[in-house]
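Peer 1: Sharing a structure below in structure tokens format, with a few things to ask.
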Amino acid sequence: MKCRANRIYQATPDPMDFDPILALLGLPLAFVLGWLASRFDLRQLRLDNRQAPKAYFKGLNFLLNEQQDQAIDAFIEAVQNDPDTSDLHFALGNLFRRRGEYERAVRVHQHLLSRGDLTQDDRHRAQHALALDYLKAGLLDRAEEALLALEGTRFEAEARLALLANYERSRDWPGAARVAHLLEGSDQGSFSVRRAHYLCEQAADCQSAGAAAQAQTLLLEAIATAPQSARARMALAELQTSSGQPLLSWETLCQALANCLTAAPLIAPALAKAAVAADRLAQTLVLLEACYATTPTLDVLDAIVTLQSLDPAGHASARERYALHLEKEPSLVAATKWIAGEVLSKEQFHPHVQRALDHAVKPLLRYRCMACGFEATRYFWQCPGCQAWDSYPTRRIEEL
């Protein structure tokens with residue numbers, strides 16, 4: 001019985017025994033299986049790379065060649081091959097926006113926001129792109145909502161700047177002032193002059209509505225906000241003139257000239273009128289002559305000539321002043337004004353010559369926006385073309 005048990009024990013293989021022959025036979029098999037698996041993965045990777053990136057680079061090539069229609073088709077193909085790639089969606093949405101296809105751009109960015117696998121940063125990026133879509137499409141209410149949702153993100157500063165433009169576009173001056181204050185507090189530069197413009201715009205609305213006292217309060221706040229800006233004082237002087245306070249108006253314009261000498265061409269005509277109403281001709285002439293000596297502009301010279309015509313004693317005639325101006329600055333406008341009083345050898349042709357010269361100088365009397373080139377016959381604090389503030393030089397086109 002004992003011998004039989006020994007034989008059974010010897011016949012049963014020990015599971016802990018290691019057979020080197022089986023191991024040697026298994027190694028090549030494992031190698032072959034691993035090699036096949038790697039080849040399959042490489043082929044799949046190559047196949048994927050041939051589908052999405054090929055379309056992507058084709059779209060990029062079209063984009064560099066300014067072929068936007070073909071670029072959009074290529075990016076749509078790339079998105080279909082790889083719908084999980086967010087960068088392709090962003091590129092496609094931006095292309096739609098640039099082409100003015102705002103509805104399609106909105107759909108792309110809304111689709112991105114609806115994805116659950118999007119990272120938080122990409123979600124904020126999609127929200128910002130969606131806000132820009134709404135802005136470009138003119139959907140200001142939706143744009144405001146989308147931009148406000150970006151507070152506290154890395155797009156906060158950009159969103160606030162876009163929100164500022166949105167409020168300006170809709171003429172929501174209190175909202176624009178609030179955003180400008182936030183931007184100023186986050187080290188985005190000084191917005192004091194722009195906030196003063198917002199107060200002036202509100203004052204103009206109040207003055208149109210007959211609320212002169214409220215308009216004056218807003219203008220005084222604007223002067224305190226940006227003392228170096230001439231607009232608030234000029235508007236205040238106009239308000240004081242309309243309320244029968246010519247002396248106060250004259251004093252306000254004198255302060256404007258002292259605080260903003262570069263705006264002298266804008267201030268001088270109003271100052272000359274205020275001087276006549278307040279009987280301050282001599283003092284005003286001294287101020288304007290000093291200003292003209294520093295910056296010899298035609299608007300200042302016109303104001304001087306106007307006042308000298310009321311008190312000609314000891315002053316050169318208007319024609320002489322324009323001739324002296326020609327010695328300093330070559331000016332067709334000044335030459336036209338000089339020749340208006342000149343007696344020609346054939347005087348019968350003088351009206352025709354004068355009419356031709358007056359027609360020729362009209363384009364030179366305009367103001368031109370330095371941001372977009374929009375020209376206007378009167379001065380604008382905000383360009384009607386590009387909505388930029390203080391983009392018009394105070395000098396006219398001829399004197400630039």
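Order determines the names: the first chain of the structure tokens is A, the second B, and so forth; residues in each chain are numbered 1 upward, and ligands are numbered 1 upward as they are shown.
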Tell me, as number ranges by chain, which residues lie within 8 Å of Ala180 in chain A, counting only C-alpha atoms; anything in the same chain fewer than 3 positions away does not count.
Peer 2: A: 164, 176-177, 183-184, 191, 194-195
Peer 1: Check range 130-176 of chain A with DSSP on the backbone and list each residue it calls alpha helix (DSSP H), as a PyMOL selection string.
Peer 2: chain A and resi 130-137+140-148+156-169+173-176
Peer 1: Please provide the set of residues having any atom within 12 Å of His359 in chain A, restricted to only C-alpha atoms, with same-chain residues fewer than 5 positions apart removed, written as JSON, numbers by chain.
Peer 2: {"A": [332, 333, 336, 352, 353, 354, 364, 365]}
Peer 1: Using only C-alpha atoms, can you tell me which of A:Ser345, A:Ser86, A:Ser317, A:Gln228 comes closest to Gln255 in chain A?
Peer 2: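 Smallest separation from Gln255 in chain A among the options: A:Gln228.
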Peer 1: Find the residues around Ala264 in chain A up to 9 Å (only C-alpha atoms counted), leave out those fewer than 4 positions away in its own chain, and share them as a PyMOL selection string.
Peer 2: chain A and resi 256-257+260+268-269+288+291-292+295+297+299-300+394
Peer 1: Please determine, counting only C-alpha atoms, which residue among A:Asp122, A:Glu342, A:Glu251, A:Glu101 has the shortest atom-to-atom distance to Ala277 in chain A.
Peer 2: A:Glu251
Peer 1: List the spatial neighbours of Gln382 in chain A as a list of chain:residue names - criterion: any atom at most 9 Å away, only C-alpha atoms, same-chain residues fewer than 6 positions off excluded.
Peer 2: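 In the requested form, the answer reads A:His197, A:Ala388, A:Trp389, A:Asp390, A:Ser391, A:Tyr392.
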Peer 1: Distance CA of Tyr167 in chain A-CA of Gln387 in chain A, one decimal place?
Peer 2: 11.8 Å
Peer 1: Considering only C-alpha atoms, tabulate each residue of range 130-242 of chain A that lies at most 8 Å from range 106-112 of chain A along with its nearest interatomic pair and the corresponding distance in Å to one decimal; arrange the rows by chain and ascending residue number and present them as CSV.
Peer 2:
```
residue,atom,partner,partner_atom,distance
A:Leu130,CA,A:His109,CA,5.7
A:Asp133,CA,A:Val106,CA,6.1
A:Tyr134,CA,A:Val106,CA,7.6
```
Peer 1: Can you tell me which residues surround Gln188 in chain A at a distance of at most 10 Å, considering only C-alpha atoms, apart from same-chain residues fewer than 6 positions away, and format the answer as a PyMOL selection string?
Peer 2: chain A and resi 157+161+180-182
Peer 1: Keeping only N, CA and C atoms, take the residues you just selected and write them out as a CSV table (one decimal), in the first residue's frame.
Peer 2:
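Result written to selection09.csv:
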```csv
chain,number,residue,atom,x,y,z
A,157,ALA,N,-10.3,89.7,-19.1
A,157,ALA,CA,-10.0,91.0,-19.6
A,157,ALA,C,-10.5,91.2,-21.1
A,161,LEU,N,-13.3,94.0,-22.4
A,161,LEU,CA,-13.1,94.9,-23.5
A,161,LEU,C,-14.2,94.8,-24.5
A,180,ALA,N,-15.6,100.1,-17.7
A,180,ALA,CA,-14.3,100.8,-17.7
A,180,ALA,C,-13.6,101.0,-16.4
A,181,HIS,N,-14.4,101.1,-15.3
A,181,HIS,CA,-13.9,101.2,-14.0
A,181,HIS,C,-13.3,99.9,-13.6
A,182,LEU,N,-13.9,98.8,-14.0
A,182,LEU,CA,-13.4,97.4,-13.7
A,182,LEU,C,-12.1,97.2,-14.4
```
Peer 1: Name the closest residue to Gly185 in chain A among the candidates A:Arg160, A:Ala105, A:Arg319, A:Arg125; distances are taken between atoms, counting only C-alpha atoms.
Peer 2: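 Of A:Arg160, A:Ala105, A:Arg319, A:Arg125, the one nearest Gly185 in chain A, counting only C-alpha atoms, is A:Arg160.
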